[in-house]
Amino acid sequence: MARLDSRLNYQTARFLISAPTLAKCPTDGGAEVAFAGRSNAGKSSAINTLTRQNALARISKTPGRTQLINFFSLGDNLDRRLVDLPGYGYAKVPEAVKLEWQRHLSDYLQRRASLKGLVLVMDVRHPLSEFDQTMLGWADAQEMPVHILLTKADKLKRGPAASALQQVRSRLREWEDLVTIQLFSSLKGQGIEELEARLDAWLLGPTEE
């Protein structure tokens, strides 16, 4: 009978390695979940809130500074990893550099066998940017499950936040078998347990008794 192992402790997350390309990534085994998002969508803050660590994922006042694929192990278990993908959108870098980032992201999403799911981080006030839709297209091509975090939910009152959530769900109805969506606030700690449950399902998965 299939079962889930005990829940993971995300507070044990620690930096493992930064990789500029797929070839430099850790051995492609075990299970990992990647966080992606447009620069200043709150991706690094979401990772830090999840792990209850203030500076695990780098938060820069200059959006787009994270240009590497950053890996974090969960404690000493190198087979369970969180991955912080390069932010994209506002970086003041040449177009050729942006295209290079995009190529590395595409390589990682299409060829990384241990990738079990993608957390796509969007500002609840500005969801489904061109970048977000590109990421969803890559995920769809790979049949990769996606969990959308609508971050900065504290910036909206409860009614407008719920309305924004429903609007995104409606726009992604054709992908409802692949995509799940939730509200999240790093400032208020809103949505942590829901996110943890989704990550547990991906990183632990069913095992046979």
# chains A, B, ... in the order shown; residues from 1 in each chain; ligands from 1

$ closest_atom_pairs --of "region 115-207 of chain A" --to "region 3-24 of chain A" --cutoff "10 Å" --atoms "only C-alpha atoms" --output "CSV"
residue,atom,partner,partner_atom,distance
A:Glu196,CA,A:Tyr10,CA,8.1
A:Ala197,CA,A:Arg7,CA,8.3
A:Leu199,CA,A:Leu8,CA,8.7
A:Asp200,CA,A:Arg7,CA,6.3
A:Ala201,CA,A:Leu4,CA,7.6
A:Leu203,CA,A:Leu8,CA,8.5
A:Leu204,CA,A:Asp5,CA,6.4
A:Gly205,CA,A:Leu4,CA,6.1
A:Pro206,CA,A:Leu4,CA,5.1
A:Thr207,CA,A:Arg3,CA,5.6

$ write_last_selection --atoms "all heavy atoms" --output "PDB file, in the first residue's frame"
ATOM      1  N   GLU A 196       4.142  23.822   2.398  1.00  0.00           N
ATOM      2  CA  GLU A 196       4.875  22.668   2.908  1.00  0.00           C
ATOM      3  C   GLU A 196       4.221  21.360   2.485  1.00  0.00           C
ATOM      4  O   GLU A 196       4.914  20.401   2.120  1.00  0.00           O
ATOM      5  CB  GLU A 196       4.967  22.736   4.432  1.00  0.00           C
ATOM      6  CG  GLU A 196       5.915  23.792   4.956  1.00  0.00           C
ATOM      7  CD  GLU A 196       5.974  23.834   6.473  1.00  0.00           C
ATOM      8  OE1 GLU A 196       5.003  23.392   7.118  1.00  0.00           O
ATOM      9  OE2 GLU A 196       6.976  24.314   7.019  1.00  0.00           O
ATOM     10  N   ALA A 197       2.903  21.315   2.524  1.00  0.00           N
ATOM     11  CA  ALA A 197       2.186  20.090   2.146  1.00  0.00           C
ATOM     12  C   ALA A 197       2.432  19.749   0.676  1.00  0.00           C
ATOM     13  O   ALA A 197       2.620  18.578   0.313  1.00  0.00           O
ATOM     14  CB  ALA A 197       0.693  20.245   2.410  1.00  0.00           C
ATOM     15  N   LEU A 199       5.086  20.667  -1.137  1.00  0.00           N
ATOM     16  CA  LEU A 199       6.489  20.255  -1.281  1.00  0.00           C
ATOM     17  C   LEU A 199       6.696  18.841  -0.751  1.00  0.00           C
ATOM     18  O   LEU A 199       7.434  18.051  -1.360  1.00  0.00           O
ATOM     19  CB  LEU A 199       7.401  21.234  -0.545  1.00  0.00           C
ATOM     20  CG  LEU A 199       7.414  22.681  -1.064  1.00  0.00           C
ATOM     21  CD1 LEU A 199       8.385  23.522  -0.244  1.00  0.00           C
ATOM     22  CD2 LEU A 199       7.769  22.747  -2.534  1.00  0.00           C
ATOM     23  N   ASP A 200       6.079  18.516   0.381  1.00  0.00           N
ATOM     24  CA  ASP A 200       6.181  17.159   0.929  1.00  0.00           C
ATOM     25  C   ASP A 200       5.704  16.126  -0.092  1.00  0.00           C
ATOM     26  O   ASP A 200       6.334  15.080  -0.285  1.00  0.00           O
ATOM     27  CB  ASP A 200       5.349  17.027   2.209  1.00  0.00           C
ATOM     28  CG  ASP A 200       6.013  17.649   3.426  1.00  0.00           C
ATOM     29  OD1 ASP A 200       7.202  18.022   3.340  1.00  0.00           O
ATOM     30  OD2 ASP A 200       5.345  17.763   4.467  1.00  0.00           O
ATOM     31  N   ALA A 201       4.585  16.402  -0.730  1.00  0.00           N
ATOM     32  CA  ALA A 201       4.024  15.463  -1.709  1.00  0.00           C
ATOM     33  C   ALA A 201       4.991  15.243  -2.862  1.00  0.00           C
ATOM     34  O   ALA A 201       5.149  14.109  -3.347  1.00  0.00           O
ATOM     35  CB  ALA A 201       2.689  15.984  -2.225  1.00  0.00           C
ATOM     36  N   LEU A 203       8.468  15.974  -2.859  1.00  0.00           N
ATOM     37  CA  LEU A 203       9.813  15.532  -2.466  1.00  0.00           C
ATOM     38  C   LEU A 203       9.828  14.142  -1.828  1.00  0.00           C
ATOM     39  O   LEU A 203      10.807  13.414  -1.940  1.00  0.00           O
ATOM     40  CB  LEU A 203      10.428  16.535  -1.493  1.00  0.00           C
ATOM     41  CG  LEU A 203      10.809  17.898  -2.108  1.00  0.00           C
ATOM     42  CD1 LEU A 203      11.190  18.882  -1.017  1.00  0.00           C
ATOM     43  CD2 LEU A 203      11.947  17.740  -3.099  1.00  0.00           C
ATOM     44  N   LEU A 204       8.743  13.795  -1.167  1.00  0.00           N
ATOM     45  CA  LEU A 204       8.689  12.471  -0.536  1.00  0.00           C
ATOM     46  C   LEU A 204       8.023  11.457  -1.453  1.00  0.00           C
ATOM     47  O   LEU A 204       8.536  10.375  -1.683  1.00  0.00           O
ATOM     48  CB  LEU A 204       7.946  12.543   0.798  1.00  0.00           C
ATOM     49  CG  LEU A 204       8.648  13.383   1.878  1.00  0.00           C
ATOM     50  CD1 LEU A 204       7.736  13.554   3.084  1.00  0.00           C
ATOM     51  CD2 LEU A 204       9.957  12.747   2.284  1.00  0.00           C
ATOM     52  N   GLY A 205       6.873  11.820  -1.970  1.00  0.00           N
ATOM     53  CA  GLY A 205       6.175  10.950  -2.901  1.00  0.00           C
ATOM     54  C   GLY A 205       5.737   9.657  -2.226  1.00  0.00           C
ATOM     55  O   GLY A 205       6.116   9.354  -1.108  1.00  0.00           O
ATOM     56  N   PRO A 206       4.906   8.895  -2.919  1.00  0.00           N
ATOM     57  CA  PRO A 206       4.449   7.612  -2.360  1.00  0.00           C
ATOM     58  C   PRO A 206       5.551   6.567  -2.394  1.00  0.00           C
ATOM     59  O   PRO A 206       6.335   6.500  -3.339  1.00  0.00           O
ATOM     60  CB  PRO A 206       3.293   7.215  -3.273  1.00  0.00           C
ATOM     61  CG  PRO A 206       3.596   7.888  -4.580  1.00  0.00           C
ATOM     62  CD  PRO A 206       4.303   9.173  -4.214  1.00  0.00           C
ATOM     63  N   THR A 207       5.635   5.766  -1.346  1.00  0.00           N
ATOM     64  CA  THR A 207       6.548   4.623  -1.312  1.00  0.00           C
ATOM     65  C   THR A 207       5.737   3.374  -1.018  1.00  0.00           C
ATOM     66  O   THR A 207       4.640   3.434  -0.489  1.00  0.00           O
ATOM     67  CB  THR A 207       7.616   4.800  -0.215  1.00  0.00           C
ATOM     68  OG1 THR A 207       6.956   4.943   1.058  1.00  0.00           O
ATOM     69  CG2 THR A 207       8.463   6.033  -0.465  1.00  0.00           C
TER      70      THR A 207
END

$ residues_around --residues "Ala164 (chain A)" --least-positions-apart "4" --cutoff "12 Å" --atoms "only C-alpha atoms" --output "short mmCIF file (atom, residue, chain, number, x, y, z; two decimals) with N, CA, C and O atoms, in the first residue's frame"
data_model
loop_
_atom_site.label_atom_id
_atom_site.label_comp_id
_atom_site.auth_asym_id
_atom_site.auth_seq_id
_atom_site.Cartn_x
_atom_site.Cartn_y
_atom_site.Cartn_z
N MET A 122 4.55 34.56 -8.12
CA MET A 122 4.01 35.74 -8.80
C MET A 122 3.51 36.74 -7.76
O MET A 122 2.89 36.34 -6.76
N ASP A 123 3.74 38.01 -8.00
CA ASP A 123 3.13 39.06 -7.18
C ASP A 123 1.62 39.02 -7.44
O ASP A 123 1.18 39.09 -8.59
N VAL A 124 0.83 38.89 -6.38
CA VAL A 124 -0.62 38.75 -6.53
C VAL A 124 -1.23 39.93 -7.28
O VAL A 124 -2.28 39.80 -7.92
N ARG A 125 -0.55 41.07 -7.27
CA ARG A 125 -1.06 42.27 -7.96
C ARG A 125 -0.69 42.30 -9.44
O ARG A 125 -1.29 43.06 -10.21
N HIS A 126 0.29 41.45 -9.83
CA HIS A 126 0.76 41.45 -11.22
C HIS A 126 1.03 40.02 -11.69
O HIS A 126 2.16 39.68 -12.06
N PRO A 127 0.02 39.15 -11.68
CA PRO A 127 0.25 37.75 -12.03
C PRO A 127 0.30 37.51 -13.54
O PRO A 127 -0.11 38.36 -14.34
N LEU A 128 0.85 36.35 -13.89
CA LEU A 128 0.83 35.86 -15.27
C LEU A 128 1.50 36.82 -16.25
O LEU A 128 0.96 37.15 -17.31
N LEU A 149 2.54 30.39 -6.30
CA LEU A 149 2.44 31.20 -5.08
C LEU A 149 2.10 32.63 -5.49
O LEU A 149 2.89 33.29 -6.15
N LEU A 150 0.92 33.09 -5.11
CA LEU A 150 0.57 34.48 -5.32
C LEU A 150 1.03 35.24 -4.08
O LEU A 150 0.35 35.27 -3.05
N THR A 151 2.22 35.81 -4.18
CA THR A 151 2.87 36.41 -3.03
C THR A 151 2.39 37.85 -2.77
O THR A 151 1.65 38.42 -3.56
N LYS A 152 2.84 38.37 -1.63
CA LYS A 152 2.50 39.74 -1.20
C LYS A 152 1.00 39.91 -1.03
O LYS A 152 0.44 40.99 -1.28
N ALA A 153 0.34 38.81 -0.58
CA ALA A 153 -1.10 38.85 -0.38
C ALA A 153 -1.49 39.87 0.68
O ALA A 153 -2.64 40.34 0.70
N LYS A 155 -0.63 42.81 0.73
CA LYS A 155 -0.79 44.11 0.08
C LYS A 155 -2.24 44.36 -0.33
O LYS A 155 -2.60 45.49 -0.67
N LEU A 156 -3.06 43.31 -0.31
CA LEU A 156 -4.47 43.43 -0.67
C LEU A 156 -5.35 43.05 0.51
O LEU A 156 -4.96 42.25 1.35
N LYS A 157 -6.54 43.61 0.57
CA LYS A 157 -7.51 43.18 1.57
C LYS A 157 -8.04 41.80 1.18
O LYS A 157 -7.84 41.33 0.07
N ARG A 158 -8.70 41.14 2.14
CA ARG A 158 -9.09 39.75 1.94
C ARG A 158 -9.94 39.55 0.69
O ARG A 158 -9.70 38.62 -0.10
N GLY A 159 -10.91 40.42 0.46
CA GLY A 159 -11.79 40.27 -0.71
C GLY A 159 -11.04 40.38 -2.03
O GLY A 159 -11.14 39.48 -2.87
N PRO A 160 -10.30 41.45 -2.24
CA PRO A 160 -9.52 41.56 -3.48
C PRO A 160 -8.49 40.45 -3.66
O PRO A 160 -8.25 40.01 -4.79
N VAL A 168 -6.90 34.17 -11.43
CA VAL A 168 -5.78 33.37 -11.94
C VAL A 168 -6.24 31.94 -12.21
O VAL A 168 -5.90 31.34 -13.23
N ARG A 169 -7.02 31.38 -11.29
CA ARG A 169 -7.55 30.02 -11.49
C ARG A 169 -8.36 29.95 -12.78
O ARG A 169 -8.25 28.98 -13.54
N SER A 170 -9.17 30.96 -13.02
CA SER A 170 -10.02 30.95 -14.21
C SER A 170 -9.18 31.01 -15.48
O SER A 170 -9.45 30.31 -16.46
N ARG A 171 -8.14 31.83 -15.45
CA ARG A 171 -7.28 31.97 -16.64
C ARG A 171 -6.47 30.71 -16.92
O ARG A 171 -6.06 30.48 -18.07
N ILE A 181 -2.77 26.51 -7.09
CA ILE A 181 -2.55 27.93 -6.81
C ILE A 181 -2.92 28.24 -5.37
O ILE A 181 -3.90 27.69 -4.85
N GLN A 182 -2.16 29.13 -4.73
CA GLN A 182 -2.49 29.58 -3.39
C GLN A 182 -2.02 31.01 -3.18
O GLN A 182 -1.16 31.52 -3.89
N LEU A 183 -2.61 31.66 -2.17
CA LEU A 183 -2.14 32.96 -1.71
C LEU A 183 -1.00 32.75 -0.72
O LEU A 183 -0.96 31.76 0.00
#

$ residues_around --residues "Lys43 (chain A)" --least-positions-apart "2" --cutoff "12 Å" --atoms "only C-alpha atoms" --output "PyMOL selection string"
chain A and resi 34-41+45-50+56-60+63-64+66+83-88+119-123+148-152+184-186

$ residues_around --residues "region 31-33 of chain A" --least-positions-apart "4" --cutoff "7 Å" --atoms "only C-alpha atoms" --output "tab-separated table (two decimals) with all heavy atoms, in the first residue's frame"
chain	number	residue	atom	x	y	z
A	79	ASP	N	19.70	14.12	-0.89
A	79	ASP	CA	18.76	13.60	-1.87
A	79	ASP	C	17.46	14.38	-1.92
A	79	ASP	O	16.60	14.11	-2.76
A	79	ASP	CB	18.45	12.13	-1.59
A	79	ASP	CG	19.61	11.21	-1.95
A	79	ASP	OD1	20.42	11.61	-2.79
A	79	ASP	OD2	19.69	10.11	-1.37
A	80	ARG	N	17.29	15.35	-1.02
A	80	ARG	CA	16.09	16.19	-1.00
A	80	ARG	C	16.56	17.64	-1.03
A	80	ARG	O	17.24	18.10	-0.13
A	80	ARG	CB	15.24	15.92	0.25
A	80	ARG	CG	14.70	14.48	0.33
A	80	ARG	CD	13.67	14.20	-0.75
A	80	ARG	NE	13.13	12.85	-0.65
A	80	ARG	CZ	13.62	11.80	-1.29
A	80	ARG	NH1	14.70	11.94	-2.06
A	80	ARG	NH2	13.07	10.62	-1.16
A	81	ARG	N	16.18	18.34	-2.10
A	81	ARG	CA	16.75	19.67	-2.32
A	81	ARG	C	15.69	20.69	-2.73
A	81	ARG	O	14.72	20.36	-3.42
A	81	ARG	CB	17.83	19.61	-3.43
A	81	ARG	CG	18.99	18.68	-3.11
A	81	ARG	CD	19.94	18.57	-4.30
A	81	ARG	NE	19.30	18.01	-5.48
A	81	ARG	CZ	19.19	16.71	-5.74
A	81	ARG	NH1	19.69	15.82	-4.87
A	81	ARG	NH2	18.62	16.27	-6.84
A	82	LEU	N	15.94	21.94	-2.34
A	82	LEU	CA	15.21	23.09	-2.87
A	82	LEU	C	16.16	23.80	-3.83
A	82	LEU	O	17.36	23.85	-3.61
A	82	LEU	CB	14.79	24.03	-1.74
A	82	LEU	CG	13.94	23.45	-0.62
A	82	LEU	CD1	13.67	24.51	0.44
A	82	LEU	CD2	12.62	22.88	-1.17
A	83	VAL	N	15.60	24.37	-4.89
A	83	VAL	CA	16.42	25.03	-5.90
A	83	VAL	C	15.86	26.43	-6.16
A	83	VAL	O	14.66	26.59	-6.41
A	83	VAL	CB	16.43	24.22	-7.21
A	83	VAL	CG1	17.37	24.87	-8.22
A	83	VAL	CG2	16.83	22.77	-6.95
A	114	SER	N	15.65	14.78	-11.73
A	114	SER	CA	15.26	14.77	-10.32
A	114	SER	C	14.26	15.87	-9.98
A	114	SER	O	13.76	15.93	-8.86
A	114	SER	CB	16.50	14.90	-9.43
A	114	SER	OG	17.25	16.05	-9.78
A	115	LEU	N	13.94	16.75	-10.93
A	115	LEU	CA	13.00	17.83	-10.68
A	115	LEU	C	11.58	17.27	-10.63
A	115	LEU	O	11.08	16.73	-11.61
A	115	LEU	CB	13.12	18.89	-11.78
A	115	LEU	CG	12.20	20.11	-11.65
A	115	LEU	CD1	12.51	20.89	-10.38
A	115	LEU	CD2	12.34	21.01	-12.88
A	116	LYS	N	10.94	17.41	-9.48
A	116	LYS	CA	9.61	16.83	-9.27
A	116	LYS	C	8.48	17.84	-9.36
A	116	LYS	O	7.31	17.46	-9.51
A	116	LYS	CB	9.55	16.15	-7.90
A	116	LYS	CG	10.61	15.07	-7.69
A	116	LYS	CD	10.55	14.00	-8.76
A	116	LYS	CE	11.62	12.93	-8.54
A	116	LYS	NZ	11.63	11.95	-9.64
A	117	GLY	N	8.81	19.11	-9.26
A	117	GLY	CA	7.77	20.12	-9.34
A	117	GLY	C	8.37	21.51	-9.38
A	117	GLY	O	9.53	21.71	-9.00
A	118	LEU	N	7.59	22.46	-9.85
A	118	LEU	CA	8.03	23.85	-9.97
A	118	LEU	C	7.11	24.75	-9.17
A	118	LEU	O	5.88	24.71	-9.35
A	118	LEU	CB	8.00	24.26	-11.44
A	118	LEU	CG	8.39	25.70	-11.77
A	118	LEU	CD1	9.88	25.93	-11.51
A	118	LEU	CD2	8.05	26.02	-13.22
A	203	LEU	N	8.47	15.97	-2.86
A	203	LEU	CA	9.81	15.53	-2.47
A	203	LEU	C	9.83	14.14	-1.83
A	203	LEU	O	10.81	13.41	-1.94
A	203	LEU	CB	10.43	16.53	-1.49
A	203	LEU	CG	10.81	17.90	-2.11
A	203	LEU	CD1	11.19	18.88	-1.02
A	203	LEU	CD2	11.95	17.74	-3.10

$ select_by_dssp --residues "region 45-112 of chain A" --states "alpha helix (DSSP H)" --output "ChimeraX atom specification"
/A:45-51,95-111

$ write_last_selection --atoms "C-alpha atoms" --output "mmCIF file, in the first residue's frame"
data_model
loop_
_atom_site.group_PDB
_atom_site.id
_atom_site.type_symbol
_atom_site.label_atom_id
_atom_site.label_comp_id
_atom_site.auth_asym_id
_atom_site.auth_seq_id
_atom_site.Cartn_x
_atom_site.Cartn_y
_atom_site.Cartn_z
ATOM 1 C CA SER A 45 11.497 36.031 0.571
ATOM 2 C CA ALA A 46 9.203 33.032 0.069
ATOM 3 C CA ILE A 47 12.128 30.599 0.385
ATOM 4 C CA ASN A 48 13.389 32.369 3.498
ATOM 5 C CA THR A 49 9.897 32.332 5.034
ATOM 6 C CA LEU A 50 9.451 28.627 4.242
ATOM 7 C CA THR A 51 12.785 27.746 5.875
ATOM 8 C CA GLU A 95 19.727 41.297 -23.871
ATOM 9 C CA ALA A 96 22.278 38.611 -24.756
ATOM 10 C CA VAL A 97 22.775 37.869 -21.054
ATOM 11 C CA LYS A 98 19.019 37.600 -20.498
ATOM 12 C CA LEU A 99 18.777 35.156 -23.398
ATOM 13 C CA GLU A 100 21.601 33.119 -21.884
ATOM 14 C CA TRP A 101 19.746 32.934 -18.557
ATOM 15 C CA GLN A 102 16.638 31.830 -20.418
ATOM 16 C CA ARG A 103 18.564 29.078 -22.210
ATOM 17 C CA HIS A 104 19.953 27.726 -18.934
ATOM 18 C CA LEU A 105 16.489 27.787 -17.352
ATOM 19 C CA SER A 106 15.094 25.900 -20.322
ATOM 20 C CA ASP A 107 17.883 23.307 -20.148
ATOM 21 C CA TYR A 108 17.303 22.789 -16.435
ATOM 22 C CA LEU A 109 13.514 22.437 -16.703
ATOM 23 C CA GLN A 110 13.645 20.122 -19.707
ATOM 24 C CA ARG A 111 16.555 17.863 -18.770
#
